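J.: Have a look at this one before I ask anything.
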Amino acid sequence: MKENIIGREEQMTLLENYIASNRSEFIAIYGRRRVGKTFLVKELLENRFTFRMTGKENASTKEQLENFSDALSNFTPTMERPKTWTQAFRQLSTYIEKEAEEGPKILFFDELPWFDTRGSKFVSALEHFWNDWAAYRNDIKLIVCGSATTWMLNKVINSRGGLHNRATHTMLIAPFTLGETEKYFQAQGFIYERQEIMECYMAMGGVAYYLSLFERGKSVAQNIESLCFTRGGEMVDEFRKIFKSLFKKSENHIAVVTALEKKGMGMTRTEIIEEAHQTNNGNLTRLLQELEECSFIRSYIPFKKSKKDRLYQLIDPFTLFHFRFMNDAGNYLKGYWQKMQATNQYESWCGYAFEILCLNHLDQIVQALGIDGTINTPCSWTYRPTKNMIADETDEDLKHGAQIDLLIDRSDKCISICEMKYSQNEYEITKSYDSHLNQRMRIFRKVTKTKKSLLPTFITPNGLLNNMYARKIPRDVKGDQLFG
């Protein structure tokens with residue numbers, strides 16, 4: 001079944017290694033909604049399960065136990081329906097001891113958080129099942145999976161209760177890269193060119209389920225129109241559903257990403273507290289961790305700054321797309337999205353969305369630059385002179401502010417100053433932009449006092465237009481290289 005799985009080579013290898021190990025394993029798989037967690041496990045391990053079941057959303061404890069009993073009956077003669085989770089896990093262990101075949105016993109509980117209904121005592125029963133029985137054997141391979149990230153992190157992965165440090169392995173399933181997105185479309189018989197795939201990624205990101213909604217015979221723009229801007233479209237209400245399914249008290253997560261959308265380079269923790277009206281405590285720390293684990297945000301330390309200056313930046317393409325276009329109640333106008341492509345708003349979004357695409361493919365950029373053998377620190381840098389500085393400064397350069405959205409600080413005594421520029425064709429560096437770039441690099445060197453070599457680097461979908469200014473650029477990364 002592996003041929004049906006796009007990408008995920010590392011995860012497949014790890015899962016096979018865990019199953020082949022000579023000890024019992026407790027494997028916790030998590031990640032954002034509809035990213036492909038269940039598909040990976042089922043396709044890789046189908047026909048090898050000793051037991052598997054999926055929780056029911058918004059079901060009572062009684063219904064979940066009936067669900068368990070029905071699932072168990074698929075593997076062994078029907079037993080009495082359990083009345084408690086303790087009894088249910090006892091039935092599971094009895095079945096394995098008496099009837100299961102030799103070899104690894106693969107147990108898969110999908111949508112694990114849904115089992116934990118009020119008063120069910122599911123978690124304590126699972127703890128006892130693992131601690132008192134499964135962990136003493138060497139052949140139990142317990143795989144648990146869930147999209148409710150708050151629950152998975154608090155109750156399993158970072159549990160302080162009976163499951164504390166019990167998960168032998170954790171596995172985060174991230175969205176597809178550009179290369180994996182291309183492979184997915186090819187496997188489904190689409191004939192999109194790479195420019196279209198990049199535009200698809202800029203709006204939808206690499207969430208497998210979103211891509212599965214695309215129809216062959218429609219362009220990327222037509223698919224986005226029908227999914228996002230047509231009444232009843234399957235993506236119209238996706239933003240709310242994402243956060244509700246992933247996070248407990250999702251209104252706080254939404255408040256944070258809403259605040260972050262307003263500042264492209266990111267915000268400090270203090271700025272988030274003020275803008276999103278959050279409290280500075282451990283709950284905010286967990287909230288930011290959850291958003292980062294699900295690839296909604298990234299955190300980084302700006303150049304020459306300390307940990308207290310850490311920035312949090314929104315990098316999820318679909319969330320950004322939602323804020324820019326889908327929040328407008330008038331989006332159900334016929335042909336809305338295709339008409340938007342002739343506007344300045346669309347052009348502005350393309351530039352920003354391409355920058356976010358690049359930030360989601362830093363590994364590919366590093367590889368394309370041939371610096372993957374060095375230690376690299378991607379970050380940003382900003383300089384803002386105060387009024388007093390402008391009045392007192394004799395250096396004309398330092399009277400001007402400067403911003404670098406992406407620089408790669410390298411251990412080979414160089415810094416790549418990255419310019420991420422979206423264009424449908426080859427990008428033209430004009431005389432004025434060449435002057436602007438040179439001024440920014442002068443300001444950067446003067447303010448930071450760095451002794452490293454500064455290497456201007458352009459990242460574009462289609463390369464640079466060959467002119468006298470482009471020939472001065474030592475390195476550029478083309479869109480094709482982001483698919484690596």
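A note on labels: chains of the structure tokens are A, B, ... as shown, every chain counts residues from 1, and ligands are counted from 1 in their shown order.
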Need to verify the contact set: A:Thr177, 9 Å, only C-alpha atoms, exclusion of same-chain residues closer than 2 positions in sequence. Can you return it as a PyMOL selection string?

T.: chain A and resi 7+174-175+179-182+201+205-206+360-361+482-483

J.: Sorted by chain and rising residue number, list the residues of stretch 170-218 of chain A at most 12 Å from stretch 233-256 of chain A (counting only C-alpha atoms), each with its closest atom pair and distance in Å to one decimal, as JSON lines.

T.:
```
{"residue": "A:Ala203", "atom": "CA", "partner": "A:Met235", "partner_atom": "CA", "distance": 11.5}
{"residue": "A:Met204", "atom": "CA", "partner": "A:Met235", "partner_atom": "CA", "distance": 9.8}
{"residue": "A:Val207", "atom": "CA", "partner": "A:Ile242", "partner_atom": "CA", "distance": 11.5}
{"residue": "A:Tyr209", "atom": "CA", "partner": "A:Met235", "partner_atom": "CA", "distance": 10.5}
{"residue": "A:Tyr210", "atom": "CA", "partner": "A:Met235", "partner_atom": "CA", "distance": 8.0}
{"residue": "A:Leu211", "atom": "CA", "partner": "A:Met235", "partner_atom": "CA", "distance": 11.1}
{"residue": "A:Ser212", "atom": "CA", "partner": "A:Glu234", "partner_atom": "CA", "distance": 11.3}
{"residue": "A:Leu213", "atom": "CA", "partner": "A:Glu234", "partner_atom": "CA", "distance": 8.1}
{"residue": "A:Phe214", "atom": "CA", "partner": "A:Glu234", "partner_atom": "CA", "distance": 10.5}
```

J.: Quick one: contact table of stretch 321-439 of chain A to stretch 286-303 of chain A, 9 Å max, nearest atom pair and distance in Å to one decimal per residue, counting only C-alpha atoms, chain and number order, as a Markdown table?

T.:
```
| residue | atom | partner | partner_atom | distance |
| --- | --- | --- | --- | --- |
| A:Thr377 | CA | A:Phe303 | CA | 8.9 |
| A:Pro378 | CA | A:Tyr300 | CA | 8.1 |
| A:Cys379 | CA | A:Pro302 | CA | 5.3 |
| A:Ser380 | CA | A:Pro302 | CA | 5.2 |
| A:Trp381 | CA | A:Phe303 | CA | 5.6 |
| A:Thr382 | CA | A:Pro302 | CA | 8.3 |
| A:Leu407 | CA | A:Phe303 | CA | 8.4 |
| A:Asp409 | CA | A:Phe303 | CA | 8.1 |
```

J.: List the neighbours of stretch 363-367 of chain A out to 10 Å using only C-alpha atoms; skip same-chain residues closer than 4 positions along the sequence, and give me the result as a list in words.

T.: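 That gives Thr177, Leu178, Gly179, Cys358, Leu359, Ile371, Asp372, Gly373, Thr374, Asn376, Pro378, Ile408, Ser416, Cys418, Ile459, Asp476, Val477, Lys478, Gly479, Gln481, Leu482, Phe483 and Gly484 of chain A.
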
J.: Among stretch 213-435 of chain A, which residues does DSSP mark as helix (DSSP H, G or I) when it is run on the backbone? Keep the chain and numbering as in the structure and answer as a ChimeraX atom specification.

T.: /A:220-228,238-246,250-260,269-276,282-293,307-309,317-326,336-340,344-359,362-368,387-392,397-399,431-435

J.: Would you compute the distance between atom CA of A:Lys451 and atom CA of A:Thr394? Give it in Å to one decimal.

T.: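 That distance, rounded to one decimal, is 22.3 Å.
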
J.: Counting only C-alpha atoms, which residue out of A:Tyr469, A:Tyr184, A:Tyr427, A:Phe176 sits closest to A:Leu357?

T.: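 The answer is A:Phe176, which sits nearest to A:Leu357.
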
J.: For A:Glu196, which residue out of A:Ser432, A:Gln424, A:Lys304, A:Asn4 is the nearest one, using only C-alpha atoms?

T.: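 Closest residue, counting only C-alpha atoms: A:Gln424.
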
J.: Considering only C-alpha atoms, return as an MDAnalysis selection string whatever protein or nucleic-acid residues lie within 10 Å of A:Trp151, sequence-local ones (same chain, fewer than 5 positions apart) excluded.

T.: chainID A and resid 112:114 116 146 156:159 246:248

J.: Using only C-alpha atoms, which protein or nucleic acid residues come within 8 Å of A:Trp349? Drop anything in the same chain fewer than 4 positions from it, and give the result as a PyMOL selection string.

T.: chain A and resi 324+345+353

J.: With distances taken over only C-alpha atoms, which residue among A:Tyr422, A:Tyr383, A:Phe229, A:Phe51 lies nearest A:Val447?

T.: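 Smallest separation from A:Val447 among the options: A:Tyr383.
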
J.: Distance atom CA of A:Met198-atom CA of A:Met267, one decimal place?

T.: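 So the two atoms, atom CA of A:Met198 and atom CA of A:Met267, lie 26.7 Å apart.
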
J.: Find the spatial neighbours of A:Phe49, counting only C-alpha atoms, within a cut-off of 8 Å - ignore same-chain residues fewer than 3 positions away - and output them as a list in words.

T.: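 Near neighbours after the sequence-gap exclusion: Leu45, Glu46, Arg52, Lys105, Ile106, Leu107 and Phe108 of chain A.
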
J.: Could you find all residues in stretch 192-402 of chain A that DSSP calls strand (DSSP E or B) from the backbone, and write them as a list in words?

T.: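 Taking stretch 192-402 of chain A and keeping strand (DSSP E or B) gives Met267, Ile297, Arg298, Ser299, Tyr300, Leu311, Tyr312, Gln313, Leu314, Asn376, Thr377, Pro378, Cys379, Ser380, Trp381, Thr382, Tyr383 and Ala402 of chain A.
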
J.: Figure out the distance between atom CA of A:Leu72 and atom CA of A:Gln91, please, to one decimal in Å.

T.: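 We find that atom CA of A:Gln91 and atom CA of A:Leu72 lie 8.8 Å from each other.
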
J.: From the options A:Leu44, A:Ile429, A:Leu14, A:Met79, which residue's atoms come nearest to A:Leu465, counting only C-alpha atoms?

T.: A:Ile429

J.: Name the residues in contact with A:Tyr336 at a cut-off of 12 Å, using only C-alpha atoms, excluding same-chain residues fewer than 5 positions from it; report them as a list in words.

T.: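 The residues that qualify are Ala221, Gln222, Ile224, Glu225, Ser226, Leu227, Cys228, Phe229, Thr230, Arg231, Phe325, Met326, Asp328, Ala329, Gly330, Asn331, Gln341, Ala342, Thr343 and Tyr346 of chain A.
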
J.: Generate the output file for the selected residues, N, CA and C atoms, as a PDB file, in the first residue's frame.

T.:
```pdb
ATOM      1  N   ALA A 221      -7.353  28.459 -10.092  1.00  0.00           N
ATOM      2  CA  ALA A 221      -8.235  29.590  -9.785  1.00  0.00           C
ATOM      3  C   ALA A 221      -9.699  29.155  -9.750  1.00  0.00           C
ATOM      4  N   GLN A 222     -10.115  28.297 -10.664  1.00  0.00           N
ATOM      5  CA  GLN A 222     -11.494  27.825 -10.678  1.00  0.00           C
ATOM      6  C   GLN A 222     -11.806  26.973  -9.450  1.00  0.00           C
ATOM      7  N   ILE A 224     -10.304  27.177  -6.483  1.00  0.00           N
ATOM      8  CA  ILE A 224     -10.357  28.073  -5.323  1.00  0.00           C
ATOM      9  C   ILE A 224     -11.686  28.824  -5.307  1.00  0.00           C
ATOM     10  N   GLU A 225     -12.131  29.247  -6.474  1.00  0.00           N
ATOM     11  CA  GLU A 225     -13.425  29.934  -6.587  1.00  0.00           C
ATOM     12  C   GLU A 225     -14.558  29.075  -6.029  1.00  0.00           C
ATOM     13  N   SER A 226     -14.636  27.817  -6.469  1.00  0.00           N
ATOM     14  CA  SER A 226     -15.757  26.967  -6.065  1.00  0.00           C
ATOM     15  C   SER A 226     -15.650  26.523  -4.614  1.00  0.00           C
ATOM     16  N   LEU A 227     -14.441  26.328  -4.108  1.00  0.00           N
ATOM     17  CA  LEU A 227     -14.262  25.849  -2.740  1.00  0.00           C
ATOM     18  C   LEU A 227     -14.408  26.953  -1.704  1.00  0.00           C
ATOM     19  N   CYS A 228     -13.912  28.147  -2.031  1.00  0.00           N
ATOM     20  CA  CYS A 228     -13.805  29.213  -1.021  1.00  0.00           C
ATOM     21  C   CYS A 228     -14.782  30.366  -1.218  1.00  0.00           C
ATOM     22  N   PHE A 229     -15.257  30.563  -2.431  1.00  0.00           N
ATOM     23  CA  PHE A 229     -16.044  31.771  -2.710  1.00  0.00           C
ATOM     24  C   PHE A 229     -17.390  31.471  -3.357  1.00  0.00           C
ATOM     25  N   THR A 230     -17.876  30.272  -3.144  1.00  0.00           N
ATOM     26  CA  THR A 230     -19.203  29.886  -3.617  1.00  0.00           C
ATOM     27  C   THR A 230     -20.029  29.460  -2.411  1.00  0.00           C
ATOM     28  N   ARG A 231     -21.242  29.940  -2.319  1.00  0.00           N
ATOM     29  CA  ARG A 231     -22.086  29.588  -1.174  1.00  0.00           C
ATOM     30  C   ARG A 231     -22.198  28.066  -1.085  1.00  0.00           C
ATOM     31  N   PHE A 325      -8.955  37.529   2.155  1.00  0.00           N
ATOM     32  CA  PHE A 325     -10.030  37.485   1.170  1.00  0.00           C
ATOM     33  C   PHE A 325     -11.356  36.902   1.666  1.00  0.00           C
ATOM     34  N   MET A 326     -11.312  35.938   2.588  1.00  0.00           N
ATOM     35  CA  MET A 326     -12.524  35.187   2.925  1.00  0.00           C
ATOM     36  C   MET A 326     -13.309  35.781   4.078  1.00  0.00           C
ATOM     37  N   ASP A 328     -14.510  38.689   4.053  1.00  0.00           N
ATOM     38  CA  ASP A 328     -15.437  39.634   3.450  1.00  0.00           C
ATOM     39  C   ASP A 328     -16.761  38.934   3.158  1.00  0.00           C
ATOM     40  N   ALA A 329     -17.838  39.443   3.744  1.00  0.00           N
ATOM     41  CA  ALA A 329     -19.154  38.807   3.564  1.00  0.00           C
ATOM     42  C   ALA A 329     -19.644  38.871   2.126  1.00  0.00           C
ATOM     43  N   GLY A 330     -19.028  39.731   1.282  1.00  0.00           N
ATOM     44  CA  GLY A 330     -19.487  39.874  -0.099  1.00  0.00           C
ATOM     45  C   GLY A 330     -18.796  38.951  -1.073  1.00  0.00           C
ATOM     46  N   ASN A 331     -18.134  37.907  -0.545  1.00  0.00           N
ATOM     47  CA  ASN A 331     -17.332  37.051  -1.419  1.00  0.00           C
ATOM     48  C   ASN A 331     -18.138  36.083  -2.275  1.00  0.00           C
ATOM     49  N   GLN A 341      -8.146  38.771  -9.221  1.00  0.00           N
ATOM     50  CA  GLN A 341      -6.786  38.628  -9.740  1.00  0.00           C
ATOM     51  C   GLN A 341      -6.346  39.803 -10.602  1.00  0.00           C
ATOM     52  N   ALA A 342      -7.268  40.693 -10.908  1.00  0.00           N
ATOM     53  CA  ALA A 342      -6.915  41.894 -11.673  1.00  0.00           C
ATOM     54  C   ALA A 342      -6.742  43.108 -10.772  1.00  0.00           C
ATOM     55  N   THR A 343      -6.724  42.907  -9.439  1.00  0.00           N
ATOM     56  CA  THR A 343      -6.683  44.029  -8.503  1.00  0.00           C
ATOM     57  C   THR A 343      -5.324  44.177  -7.846  1.00  0.00           C
ATOM     58  N   TYR A 346      -4.859  41.742  -4.901  1.00  0.00           N
ATOM     59  CA  TYR A 346      -4.350  40.417  -5.272  1.00  0.00           C
ATOM     60  C   TYR A 346      -2.838  40.466  -5.485  1.00  0.00           C
TER      61      TYR A 346
END
```
